Amino acid sequence: MPCKICKEKPVIQLPNSNIKLCKSCFVKYFERKALKTIRKYKLINRKEHIVAAVSGGKDSLSLLYLLNKLASKKIDFKLSALLIDEGIKGYRDETINTAKKFCKNNNIQLYITSYKEITGKSLDKIKNSFPDTIACSMCGVLRRYLLNKKSRELKADKLATGHNLDDEAQSIIMNQFKHNIALSARLGPITGVKRDRRFVPRIKPFYFLTEKEVAAYAFLNGFLDKFKECTYCTESNRFVIRDMLNNLEQRYPGTKHSIVASFMEILPLLKEKYKDLEIKSCKICKEPCSSEICNACKLMQKIK
Ligand code: SF4
Ligand code: ZN
């Protein structure tokens, strides 16, 4: 079957449908879908400073590429990139070079910060000191902390991430399995329950695009060959959920879409329910948190 739109040779079949598209029609479809999400949920407004979280992997390069295209053609906003170097040998050191090259070629200001800067150690060293702790749980705490702190220091209006529909379905199910619904209230195409100047809202332009579609977009734009998975990814709870959802998707196509679509129906109710939840300031670093001392400071005390 040829491309549904122009009858050229197809390169991809869209998820949960019989529609096949050629390279140029798929790229247009992908960018239109991301732009629709940006407009519908007011993710980016004119003159805003958008900081994109980049890792150098396929999702973040696709995000940066798309945002850069939008910034120069469709919406008038300032774009910068922020990279967190966790300190993972054989993985992050390679993707940092890819991100640096990409930003240089596309004239995007890239800011780099690292776990070493705040803890004195790389993630590899931290993991060596705590072999029984899952690397991803320490990594997640430090990454969230640094992304928010640094993007706020850069005076970002929003922090854009490359999260796609598969990532969101995983987060929803993970929170459900851990009975952590308050955390789910913060999800959605734009995060947060209420505006607080200490939090930079996160936006997810790829929210309704699947992992497969992002991978195809990355591949068609020449980013995929640089893609590698992190050494520690199999340790994480997310990895198990990802596997489970992929199996379910194979057996029951449309599962991930259904999870996210049902979630979007209840999200306004969740945001309403948790809107009065108090946000405190960490006694040590003054960053926003839900207890007296934030998780990052607790972890840093342990590390130091
Ligand atoms: Fe960090 Fe885990 Fe992601 Fe690796 S897979 S970068 S350890 S969160
Ligand atoms: Zn703190």
# chains A, B, ... in the order shown; residues from 1 in each chain; ligands from 1

call {"tool": "residues_near_ligand", "arguments": {"ligand": "ligand 2", "cutoff": "8 Å", "atoms": "only C-alpha atoms and all ligand atoms", "output": "count of residues only"}}
result
15

call {"tool": "closest_atom_pairs", "arguments": {"of": "chain A", "to": "ligand 1", "cutoff": "10 Å", "atoms": "only C-alpha atoms and all ligand atoms", "output": "Markdown table"}}
result
| residue | atom | partner | partner_atom_place_in_ligand_line | distance |
| --- | --- | --- | --- | --- |
| A:Ser55 | CA | ligand 1 | 6 (S) | 8.9 |
| A:Ile84 | CA | ligand 1 | 6 (S) | 9.6 |
| A:Asp85 | CA | ligand 1 | 6 (S) | 9.2 |
| A:Glu86 | CA | ligand 1 | 6 (S) | 7.0 |
| A:Gly87 | CA | ligand 1 | 6 (S) | 9.2 |
| A:Ile88 | CA | ligand 1 | 4 (Fe) | 7.7 |
| A:Tyr91 | CA | ligand 1 | 4 (Fe) | 8.8 |
| A:Arg92 | CA | ligand 1 | 6 (S) | 8.1 |
| A:Leu123 | CA | ligand 1 | 7 (S) | 7.6 |
| A:Asp124 | CA | ligand 1 | 7 (S) | 9.0 |
| A:Lys127 | CA | ligand 1 | 7 (S) | 9.2 |
| A:Ile134 | CA | ligand 1 | 7 (S) | 8.1 |
| A:Ala135 | CA | ligand 1 | 7 (S) | 4.9 |
| A:Cys136 | CA | ligand 1 | 2 (Fe) | 3.5 |
| A:Ser137 | CA | ligand 1 | 8 (S) | 6.8 |
| A:Met138 | CA | ligand 1 | 7 (S) | 7.7 |
| A:Cys139 | CA | ligand 1 | 1 (Fe) | 4.6 |
| A:Gly140 | CA | ligand 1 | 8 (S) | 5.3 |
| A:Val141 | CA | ligand 1 | 8 (S) | 9.0 |
| A:Leu142 | CA | ligand 1 | 1 (Fe) | 9.1 |
| A:Arg143 | CA | ligand 1 | 1 (Fe) | 8.0 |
| A:Glu229 | CA | ligand 1 | 5 (S) | 7.4 |
| A:Cys230 | CA | ligand 1 | 4 (Fe) | 4.6 |
| A:Thr231 | CA | ligand 1 | 4 (Fe) | 6.4 |
| A:Tyr232 | CA | ligand 1 | 7 (S) | 5.0 |
| A:Cys233 | CA | ligand 1 | 5 (S) | 3.7 |
| A:Thr234 | CA | ligand 1 | 5 (S) | 7.4 |
| A:Glu235 | CA | ligand 1 | 2 (Fe) | 7.5 |
| A:Ser236 | CA | ligand 1 | 2 (Fe) | 6.5 |
| A:Asn237 | CA | ligand 1 | 2 (Fe) | 9.6 |
| A:Arg238 | CA | ligand 1 | 5 (S) | 8.9 |
| A:Phe239 | CA | ligand 1 | 5 (S) | 8.5 |

call {"tool": "atom_distance", "arguments": {"atom1": "CA of Ser62 (chain A)", "atom2": "CA of Tyr217 (chain A)"}}
result
7.1 Å

call {"tool": "residues_around", "arguments": {"residues": "Arg152 (chain A)", "least_positions_apart": "2", "cutoff": "12 Å", "atoms": "only C-alpha atoms", "output": "list of chain:residue names"}}
result
A:His49, A:Ile50, A:Val51, A:Leu82, A:Tyr145, A:Leu146, A:Leu147, A:Asn148, A:Lys149, A:Lys150, A:Leu154, A:Lys155, A:Ala156, A:Asp157, A:Lys158, A:Leu159, A:Asp196, A:Arg197, A:Arg198, A:Phe199, A:Val200, A:Pro201, A:Arg202, A:Glu287, A:Pro288

call {"tool": "write_last_selection", "arguments": {"atoms": "N, CA and C atoms", "output": "PDB file, in the first residue's frame"}}
result
ATOM      1  N   HIS A  49      11.088  32.108  27.241  1.00  0.00           N
ATOM      2  CA  HIS A  49      12.377  31.438  27.157  1.00  0.00           C
ATOM      3  C   HIS A  49      12.143  29.959  27.468  1.00  0.00           C
ATOM      4  N   ILE A  50      12.348  29.122  26.471  1.00  0.00           N
ATOM      5  CA  ILE A  50      12.141  27.690  26.652  1.00  0.00           C
ATOM      6  C   ILE A  50      13.503  27.013  26.757  1.00  0.00           C
ATOM      7  N   VAL A  51      13.707  26.307  27.849  1.00  0.00           N
ATOM      8  CA  VAL A  51      14.951  25.540  27.999  1.00  0.00           C
ATOM      9  C   VAL A  51      14.602  24.079  27.750  1.00  0.00           C
ATOM     10  N   LEU A  82      19.688  22.463  28.025  1.00  0.00           N
ATOM     11  CA  LEU A  82      20.340  22.177  29.309  1.00  0.00           C
ATOM     12  C   LEU A  82      20.635  20.687  29.385  1.00  0.00           C
ATOM     13  N   TYR A 145      16.045  17.661  40.657  1.00  0.00           N
ATOM     14  CA  TYR A 145      16.541  18.792  41.443  1.00  0.00           C
ATOM     15  C   TYR A 145      17.328  19.758  40.547  1.00  0.00           C
ATOM     16  N   LEU A 146      18.279  19.204  39.813  1.00  0.00           N
ATOM     17  CA  LEU A 146      19.150  20.048  38.983  1.00  0.00           C
ATOM     18  C   LEU A 146      18.400  20.711  37.827  1.00  0.00           C
ATOM     19  N   LEU A 147      17.505  19.950  37.194  1.00  0.00           N
ATOM     20  CA  LEU A 147      16.768  20.520  36.058  1.00  0.00           C
ATOM     21  C   LEU A 147      15.950  21.727  36.491  1.00  0.00           C
ATOM     22  N   ASN A 148      15.281  21.579  37.633  1.00  0.00           N
ATOM     23  CA  ASN A 148      14.442  22.689  38.090  1.00  0.00           C
ATOM     24  C   ASN A 148      15.305  23.879  38.521  1.00  0.00           C
ATOM     25  N   LYS A 149      16.332  23.598  39.321  1.00  0.00           N
ATOM     26  CA  LYS A 149      17.184  24.666  39.864  1.00  0.00           C
ATOM     27  C   LYS A 149      17.890  25.420  38.722  1.00  0.00           C
ATOM     28  N   LYS A 150      18.496  24.659  37.828  1.00  0.00           N
ATOM     29  CA  LYS A 150      19.270  25.303  36.756  1.00  0.00           C
ATOM     30  C   LYS A 150      18.374  26.046  35.777  1.00  0.00           C
ATOM     31  N   LEU A 154      18.354  29.988  34.895  1.00  0.00           N
ATOM     32  CA  LEU A 154      18.478  30.496  33.519  1.00  0.00           C
ATOM     33  C   LEU A 154      17.278  31.363  33.129  1.00  0.00           C
ATOM     34  N   LYS A 155      16.387  31.571  34.098  1.00  0.00           N
ATOM     35  CA  LYS A 155      15.167  32.371  33.896  1.00  0.00           C
ATOM     36  C   LYS A 155      14.275  31.772  32.812  1.00  0.00           C
ATOM     37  N   ALA A 156      14.192  30.452  32.817  1.00  0.00           N
ATOM     38  CA  ALA A 156      13.331  29.774  31.839  1.00  0.00           C
ATOM     39  C   ALA A 156      11.872  29.952  32.239  1.00  0.00           C
ATOM     40  N   ASP A 157      11.013  30.158  31.236  1.00  0.00           N
ATOM     41  CA  ASP A 157       9.567  30.169  31.512  1.00  0.00           C
ATOM     42  C   ASP A 157       9.055  28.741  31.590  1.00  0.00           C
ATOM     43  N   LYS A 158       9.636  27.858  30.761  1.00  0.00           N
ATOM     44  CA  LYS A 158       9.222  26.456  30.759  1.00  0.00           C
ATOM     45  C   LYS A 158      10.460  25.592  30.491  1.00  0.00           C
ATOM     46  N   LEU A 159      10.373  24.367  30.949  1.00  0.00           N
ATOM     47  CA  LEU A 159      11.428  23.392  30.673  1.00  0.00           C
ATOM     48  C   LEU A 159      10.803  22.312  29.778  1.00  0.00           C
ATOM     49  N   ASP A 196       3.843  27.950  40.942  1.00  0.00           N
ATOM     50  CA  ASP A 196       4.669  28.344  42.079  1.00  0.00           C
ATOM     51  C   ASP A 196       5.979  28.800  41.454  1.00  0.00           C
ATOM     52  N   ARG A 197       6.389  30.033  41.772  1.00  0.00           N
ATOM     53  CA  ARG A 197       7.543  30.592  41.047  1.00  0.00           C
ATOM     54  C   ARG A 197       8.826  29.787  41.275  1.00  0.00           C
ATOM     55  N   ARG A 198       8.823  28.926  42.298  1.00  0.00           N
ATOM     56  CA  ARG A 198      10.024  28.115  42.544  1.00  0.00           C
ATOM     57  C   ARG A 198      10.119  26.914  41.592  1.00  0.00           C
ATOM     58  N   PHE A 199       8.979  26.573  40.979  1.00  0.00           N
ATOM     59  CA  PHE A 199       8.961  25.457  40.028  1.00  0.00           C
ATOM     60  C   PHE A 199       8.881  25.965  38.602  1.00  0.00           C
ATOM     61  N   VAL A 200       9.754  25.479  37.750  1.00  0.00           N
ATOM     62  CA  VAL A 200       9.642  25.805  36.325  1.00  0.00           C
ATOM     63  C   VAL A 200       8.743  24.725  35.711  1.00  0.00           C
ATOM     64  N   PRO A 201       7.595  25.110  35.127  1.00  0.00           N
ATOM     65  CA  PRO A 201       6.714  24.076  34.567  1.00  0.00           C
ATOM     66  C   PRO A 201       7.409  23.297  33.454  1.00  0.00           C
ATOM     67  N   ARG A 202       7.144  22.000  33.430  1.00  0.00           N
ATOM     68  CA  ARG A 202       7.724  21.179  32.355  1.00  0.00           C
ATOM     69  C   ARG A 202       6.700  20.965  31.273  1.00  0.00           C
ATOM     70  N   GLU A 287      15.149  24.874  48.176  1.00  0.00           N
ATOM     71  CA  GLU A 287      14.397  24.457  46.991  1.00  0.00           C
ATOM     72  C   GLU A 287      13.018  23.959  47.428  1.00  0.00           C
ATOM     73  N   PRO A 288      12.020  24.008  46.534  1.00  0.00           N
ATOM     74  CA  PRO A 288      10.684  23.552  46.918  1.00  0.00           C
ATOM     75  C   PRO A 288      10.642  22.046  47.161  1.00  0.00           C
TER      76      PRO A 288
END

call {"tool": "residues_around", "arguments": {"residues": "Gly222 (chain A)", "least_positions_apart": "5", "cutoff": "12 Å", "atoms": "only C-alpha atoms", "output": "ChimeraX atom specification"}}
result
/A:57-58,61-62,65,98,102,215-217,227

call {"tool": "write_last_selection", "arguments": {"atoms": "all heavy atoms", "output": "mmCIF file, in the first residue's frame"}}
result
data_model
loop_
_atom_site.group_PDB
_atom_site.id
_atom_site.type_symbol
_atom_site.label_atom_id
_atom_site.label_comp_id
_atom_site.auth_asym_id
_atom_site.auth_seq_id
_atom_site.Cartn_x
_atom_site.Cartn_y
_atom_site.Cartn_z
ATOM 1 N N GLY A 57 20.413 11.867 23.402
ATOM 2 C CA GLY A 57 19.716 10.679 22.887
ATOM 3 C C GLY A 57 18.676 11.084 21.850
ATOM 4 O O GLY A 57 18.437 12.267 21.621
ATOM 5 N N LYS A 58 18.040 10.068 21.254
ATOM 6 C CA LYS A 58 17.137 10.337 20.122
ATOM 7 C C LYS A 58 15.934 11.231 20.469
ATOM 8 O O LYS A 58 15.566 12.090 19.682
ATOM 9 C CB LYS A 58 16.647 9.025 19.496
ATOM 10 C CG LYS A 58 15.714 8.222 20.412
ATOM 11 C CD LYS A 58 15.208 7.000 19.722
ATOM 12 C CE LYS A 58 14.169 6.212 20.481
ATOM 13 N NZ LYS A 58 13.843 6.502 21.865
ATOM 14 N N LEU A 61 17.161 14.934 21.051
ATOM 15 C CA LEU A 61 17.632 15.586 19.816
ATOM 16 C C LEU A 61 16.454 15.890 18.902
ATOM 17 O O LEU A 61 16.397 16.941 18.261
ATOM 18 C CB LEU A 61 18.653 14.710 19.083
ATOM 19 C CG LEU A 61 20.033 14.581 19.733
ATOM 20 C CD1 LEU A 61 20.988 13.836 18.813
ATOM 21 C CD2 LEU A 61 20.638 15.938 20.088
ATOM 22 N N SER A 62 15.480 14.976 18.871
ATOM 23 C CA SER A 62 14.282 15.216 18.058
ATOM 24 C C SER A 62 13.547 16.440 18.594
ATOM 25 O O SER A 62 13.057 17.276 17.839
ATOM 26 C CB SER A 62 13.334 14.019 18.110
ATOM 27 O OG SER A 62 13.970 12.885 17.585
ATOM 28 N N TYR A 65 15.486 19.628 17.769
ATOM 29 C CA TYR A 65 15.385 19.876 16.335
ATOM 30 C C TYR A 65 14.036 20.519 16.004
ATOM 31 O O TYR A 65 13.946 21.527 15.311
ATOM 32 C CB TYR A 65 15.558 18.549 15.591
ATOM 33 C CG TYR A 65 15.403 18.640 14.106
ATOM 34 C CD1 TYR A 65 16.430 19.136 13.310
ATOM 35 C CD2 TYR A 65 14.226 18.225 13.482
ATOM 36 C CE1 TYR A 65 16.285 19.219 11.928
ATOM 37 C CE2 TYR A 65 14.071 18.306 12.113
ATOM 38 C CZ TYR A 65 15.107 18.800 11.344
ATOM 39 O OH TYR A 65 14.949 18.886 9.983
ATOM 40 N N THR A 98 27.563 14.319 21.220
ATOM 41 C CA THR A 98 26.523 14.444 20.199
ATOM 42 C C THR A 98 25.718 15.722 20.439
ATOM 43 O O THR A 98 25.431 16.481 19.504
ATOM 44 C CB THR A 98 25.551 13.230 20.270
ATOM 45 O OG1 THR A 98 26.340 12.046 20.317
ATOM 46 C CG2 THR A 98 24.616 13.183 19.098
ATOM 47 N N PHE A 102 25.460 18.990 18.020
ATOM 48 C CA PHE A 102 24.145 19.379 17.503
ATOM 49 C C PHE A 102 23.857 20.853 17.801
ATOM 50 O O PHE A 102 23.416 21.601 16.942
ATOM 51 C CB PHE A 102 23.053 18.493 18.124
ATOM 52 C CG PHE A 102 21.690 18.749 17.578
ATOM 53 C CD1 PHE A 102 21.230 18.050 16.467
ATOM 54 C CD2 PHE A 102 20.869 19.720 18.134
ATOM 55 C CE1 PHE A 102 19.982 18.307 15.935
ATOM 56 C CE2 PHE A 102 19.618 19.984 17.602
ATOM 57 C CZ PHE A 102 19.168 19.278 16.505
ATOM 58 N N ALA A 215 11.044 7.610 17.475
ATOM 59 C CA ALA A 215 12.220 6.912 16.946
ATOM 60 C C ALA A 215 12.276 7.057 15.424
ATOM 61 O O ALA A 215 13.350 7.272 14.851
ATOM 62 C CB ALA A 215 12.168 5.439 17.346
ATOM 63 N N ALA A 216 11.105 6.965 14.770
ATOM 64 C CA ALA A 216 11.072 7.096 13.301
ATOM 65 C C ALA A 216 11.480 8.511 12.893
ATOM 66 O O ALA A 216 12.263 8.693 11.947
ATOM 67 C CB ALA A 216 9.677 6.775 12.788
ATOM 68 N N TYR A 217 10.984 9.508 13.625
ATOM 69 C CA TYR A 217 11.317 10.908 13.327
ATOM 70 C C TYR A 217 12.819 11.126 13.503
ATOM 71 O O TYR A 217 13.477 11.760 12.675
ATOM 72 C CB TYR A 217 10.518 11.810 14.274
ATOM 73 C CG TYR A 217 10.662 13.287 14.023
ATOM 74 C CD1 TYR A 217 10.054 13.898 12.927
ATOM 75 C CD2 TYR A 217 11.387 14.091 14.908
ATOM 76 C CE1 TYR A 217 10.166 15.271 12.715
ATOM 77 C CE2 TYR A 217 11.504 15.466 14.700
ATOM 78 C CZ TYR A 217 10.890 16.042 13.596
ATOM 79 O OH TYR A 217 11.014 17.402 13.394
ATOM 80 N N PHE A 227 22.136 6.452 19.190
ATOM 81 C CA PHE A 227 21.360 6.060 20.367
ATOM 82 C C PHE A 227 21.924 4.831 21.072
ATOM 83 O O PHE A 227 22.245 3.832 20.461
ATOM 84 C CB PHE A 227 19.909 5.804 19.938
ATOM 85 C CG PHE A 227 19.044 5.290 21.048
ATOM 86 C CD1 PHE A 227 18.864 6.041 22.186
ATOM 87 C CD2 PHE A 227 18.425 4.059 20.949
ATOM 88 C CE1 PHE A 227 18.065 5.574 23.215
ATOM 89 C CE2 PHE A 227 17.627 3.581 21.966
ATOM 90 C CZ PHE A 227 17.445 4.347 23.104
#

call {"tool": "closest_atom_pairs", "arguments": {"of": "region 216-288 of chain A", "to": "region 12-30 of chain A", "cutoff": "12 Å", "atoms": "only C-alpha atoms", "output": "JSON lines"}}
result
{"residue": "A:Ala216", "atom": "CA", "partner": "A:Ile12", "partner_atom": "CA", "distance": 7.8}
{"residue": "A:Tyr217", "atom": "CA", "partner": "A:Val27", "partner_atom": "CA", "distance": 6.5}
{"residue": "A:Ala218", "atom": "CA", "partner": "A:Val27", "partner_atom": "CA", "distance": 9.9}
{"residue": "A:Phe219", "atom": "CA", "partner": "A:Lys23", "partner_atom": "CA", "distance": 10.4}
{"residue": "A:Leu220", "atom": "CA", "partner": "A:Lys23", "partner_atom": "CA", "distance": 7.1}
{"residue": "A:Asn221", "atom": "CA", "partner": "A:Val27", "partner_atom": "CA", "distance": 9.0}
{"residue": "A:Glu249", "atom": "CA", "partner": "A:Asn16", "partner_atom": "CA", "distance": 10.0}
{"residue": "A:Gln250", "atom": "CA", "partner": "A:Asn16", "partner_atom": "CA", "distance": 10.8}
{"residue": "A:Tyr252", "atom": "CA", "partner": "A:Asn16", "partner_atom": "CA", "distance": 10.1}
{"residue": "A:Pro253", "atom": "CA", "partner": "A:Asn16", "partner_atom": "CA", "distance": 6.4}
{"residue": "A:Gly254", "atom": "CA", "partner": "A:Asn16", "partner_atom": "CA", "distance": 6.0}
{"residue": "A:Thr255", "atom": "CA", "partner": "A:Asn16", "partner_atom": "CA", "distance": 9.7}
{"residue": "A:Lys256", "atom": "CA", "partner": "A:Asn16", "partner_atom": "CA", "distance": 10.5}
{"residue": "A:His257", "atom": "CA", "partner": "A:Asn16", "partner_atom": "CA", "distance": 9.1}
{"residue": "A:Ser258", "atom": "CA", "partner": "A:Asn16", "partner_atom": "CA", "distance": 11.1}

call {"tool": "atom_distance", "arguments": {"atom1": "CA of Ile108 (chain A)", "atom2": "CA of Gly120 (chain A)"}}
result
28.2 Å

call {"tool": "closest_residue", "arguments": {"among": "A:Ser122, A:Thr133, A:Thr210, A:Ser151", "to": "Leu165 (chain A)", "atoms": "only C-alpha atoms"}}
result
A:Thr210

call {"tool": "select_by_dssp", "arguments": {"residues": "region 60-98 of chain A", "states": "helix (DSSP H, G or I)", "output": "list in words"}}
result
Ser60, Leu61, Ser62, Leu63, Leu64, Tyr65, Leu66, Leu67, Asn68, Lys69, Leu70, Ala71, Ser72, Lys73, Arg92, Asp93, Glu94, Thr95, Ile96, Asn97 and Thr98 of chain A

call {"tool": "write_last_selection", "arguments": {"atoms": "N, CA and C atoms", "output": "PDB file, in the first residue's frame"}}
result
ATOM      1  N   SER A  60      15.596  13.553  22.896  1.00  0.00           N
ATOM      2  CA  SER A  60      15.919  14.949  23.167  1.00  0.00           C
ATOM      3  C   SER A  60      16.450  15.653  21.916  1.00  0.00           C
ATOM      4  N   LEU A  61      17.161  14.934  21.051  1.00  0.00           N
ATOM      5  CA  LEU A  61      17.632  15.586  19.816  1.00  0.00           C
ATOM      6  C   LEU A  61      16.454  15.890  18.902  1.00  0.00           C
ATOM      7  N   SER A  62      15.480  14.976  18.871  1.00  0.00           N
ATOM      8  CA  SER A  62      14.282  15.216  18.058  1.00  0.00           C
ATOM      9  C   SER A  62      13.547  16.440  18.594  1.00  0.00           C
ATOM     10  N   LEU A  63      13.460  16.534  19.928  1.00  0.00           N
ATOM     11  CA  LEU A  63      12.771  17.661  20.557  1.00  0.00           C
ATOM     12  C   LEU A  63      13.463  18.979  20.212  1.00  0.00           C
ATOM     13  N   LEU A  64      14.777  18.973  20.373  1.00  0.00           N
ATOM     14  CA  LEU A  64      15.549  20.184  20.120  1.00  0.00           C
ATOM     15  C   LEU A  64      15.429  20.608  18.652  1.00  0.00           C
ATOM     16  N   TYR A  65      15.486  19.628  17.769  1.00  0.00           N
ATOM     17  CA  TYR A  65      15.385  19.876  16.335  1.00  0.00           C
ATOM     18  C   TYR A  65      14.036  20.519  16.004  1.00  0.00           C
ATOM     19  N   LEU A  66      12.974  19.918  16.557  1.00  0.00           N
ATOM     20  CA  LEU A  66      11.625  20.413  16.284  1.00  0.00           C
ATOM     21  C   LEU A  66      11.411  21.815  16.879  1.00  0.00           C
ATOM     22  N   LEU A  67      11.845  22.000  18.136  1.00  0.00           N
ATOM     23  CA  LEU A  67      11.651  23.311  18.777  1.00  0.00           C
ATOM     24  C   LEU A  67      12.438  24.396  18.033  1.00  0.00           C
ATOM     25  N   ASN A  68      13.624  24.036  17.586  1.00  0.00           N
ATOM     26  CA  ASN A  68      14.446  25.000  16.860  1.00  0.00           C
ATOM     27  C   ASN A  68      13.761  25.419  15.559  1.00  0.00           C
ATOM     28  N   LYS A  69      13.142  24.451  14.905  1.00  0.00           N
ATOM     29  CA  LYS A  69      12.403  24.715  13.665  1.00  0.00           C
ATOM     30  C   LYS A  69      11.220  25.643  13.961  1.00  0.00           C
ATOM     31  N   LEU A  70      10.510  25.361  15.049  1.00  0.00           N
ATOM     32  CA  LEU A  70       9.343  26.183  15.408  1.00  0.00           C
ATOM     33  C   LEU A  70       9.769  27.601  15.785  1.00  0.00           C
ATOM     34  N   ALA A  71      10.897  27.681  16.531  1.00  0.00           N
ATOM     35  CA  ALA A  71      11.370  28.994  16.997  1.00  0.00           C
ATOM     36  C   ALA A  71      11.764  29.878  15.819  1.00  0.00           C
ATOM     37  N   SER A  72      12.245  29.252  14.749  1.00  0.00           N
ATOM     38  CA  SER A  72      12.668  30.087  13.624  1.00  0.00           C
ATOM     39  C   SER A  72      11.546  30.322  12.619  1.00  0.00           C
ATOM     40  N   LYS A  73      10.499  29.473  12.638  1.00  0.00           N
ATOM     41  CA  LYS A  73       9.459  29.634  11.601  1.00  0.00           C
ATOM     42  C   LYS A  73       8.066  29.963  12.114  1.00  0.00           C
ATOM     43  N   ARG A  92      26.952   8.461  28.943  1.00  0.00           N
ATOM     44  CA  ARG A  92      26.716   9.899  28.871  1.00  0.00           C
ATOM     45  C   ARG A  92      27.860  10.647  28.196  1.00  0.00           C
ATOM     46  N   ASP A  93      29.105  10.191  28.435  1.00  0.00           N
ATOM     47  CA  ASP A  93      30.227  10.902  27.810  1.00  0.00           C
ATOM     48  C   ASP A  93      30.086  10.927  26.283  1.00  0.00           C
ATOM     49  N   GLU A  94      29.488   9.861  25.736  1.00  0.00           N
ATOM     50  CA  GLU A  94      29.321   9.841  24.274  1.00  0.00           C
ATOM     51  C   GLU A  94      28.185  10.751  23.823  1.00  0.00           C
ATOM     52  N   THR A  95      27.054  10.687  24.578  1.00  0.00           N
ATOM     53  CA  THR A  95      25.907  11.495  24.135  1.00  0.00           C
ATOM     54  C   THR A  95      26.152  12.994  24.348  1.00  0.00           C
ATOM     55  N   ILE A  96      27.023  13.335  25.310  1.00  0.00           N
ATOM     56  CA  ILE A  96      27.343  14.761  25.522  1.00  0.00           C
ATOM     57  C   ILE A  96      27.979  15.336  24.257  1.00  0.00           C
ATOM     58  N   ASN A  97      28.878  14.573  23.662  1.00  0.00           N
ATOM     59  CA  ASN A  97      29.530  15.054  22.440  1.00  0.00           C
ATOM     60  C   ASN A  97      28.513  15.255  21.323  1.00  0.00           C
ATOM     61  N   THR A  98      27.563  14.319  21.220  1.00  0.00           N
ATOM     62  CA  THR A  98      26.523  14.444  20.199  1.00  0.00           C
ATOM     63  C   THR A  98      25.718  15.722  20.439  1.00  0.00           C
TER      64      THR A  98
END

call {"tool": "atom_distance", "arguments": {"atom1": "CA of Asn107 (chain A)", "atom2": "CA of Val54 (chain A)"}}
result
14.7 Å

call {"tool": "select_by_dssp", "arguments": {"residues": "region 157-299 of chain A", "states": "strand (DSSP E)", "output": "list in words"}}
result
Lys158, Leu159, Ala160, Arg202, Ile203, Lys280, Ser281, Pro288 and Cys289 of chain A

call {"tool": "closest_residue", "arguments": {"among": "A:Arg242, A:Lys125, A:Lys275, A:Lys228", "to": "Val193 (chain A)", "atoms": "only C-alpha atoms"}}
result
A:Lys275
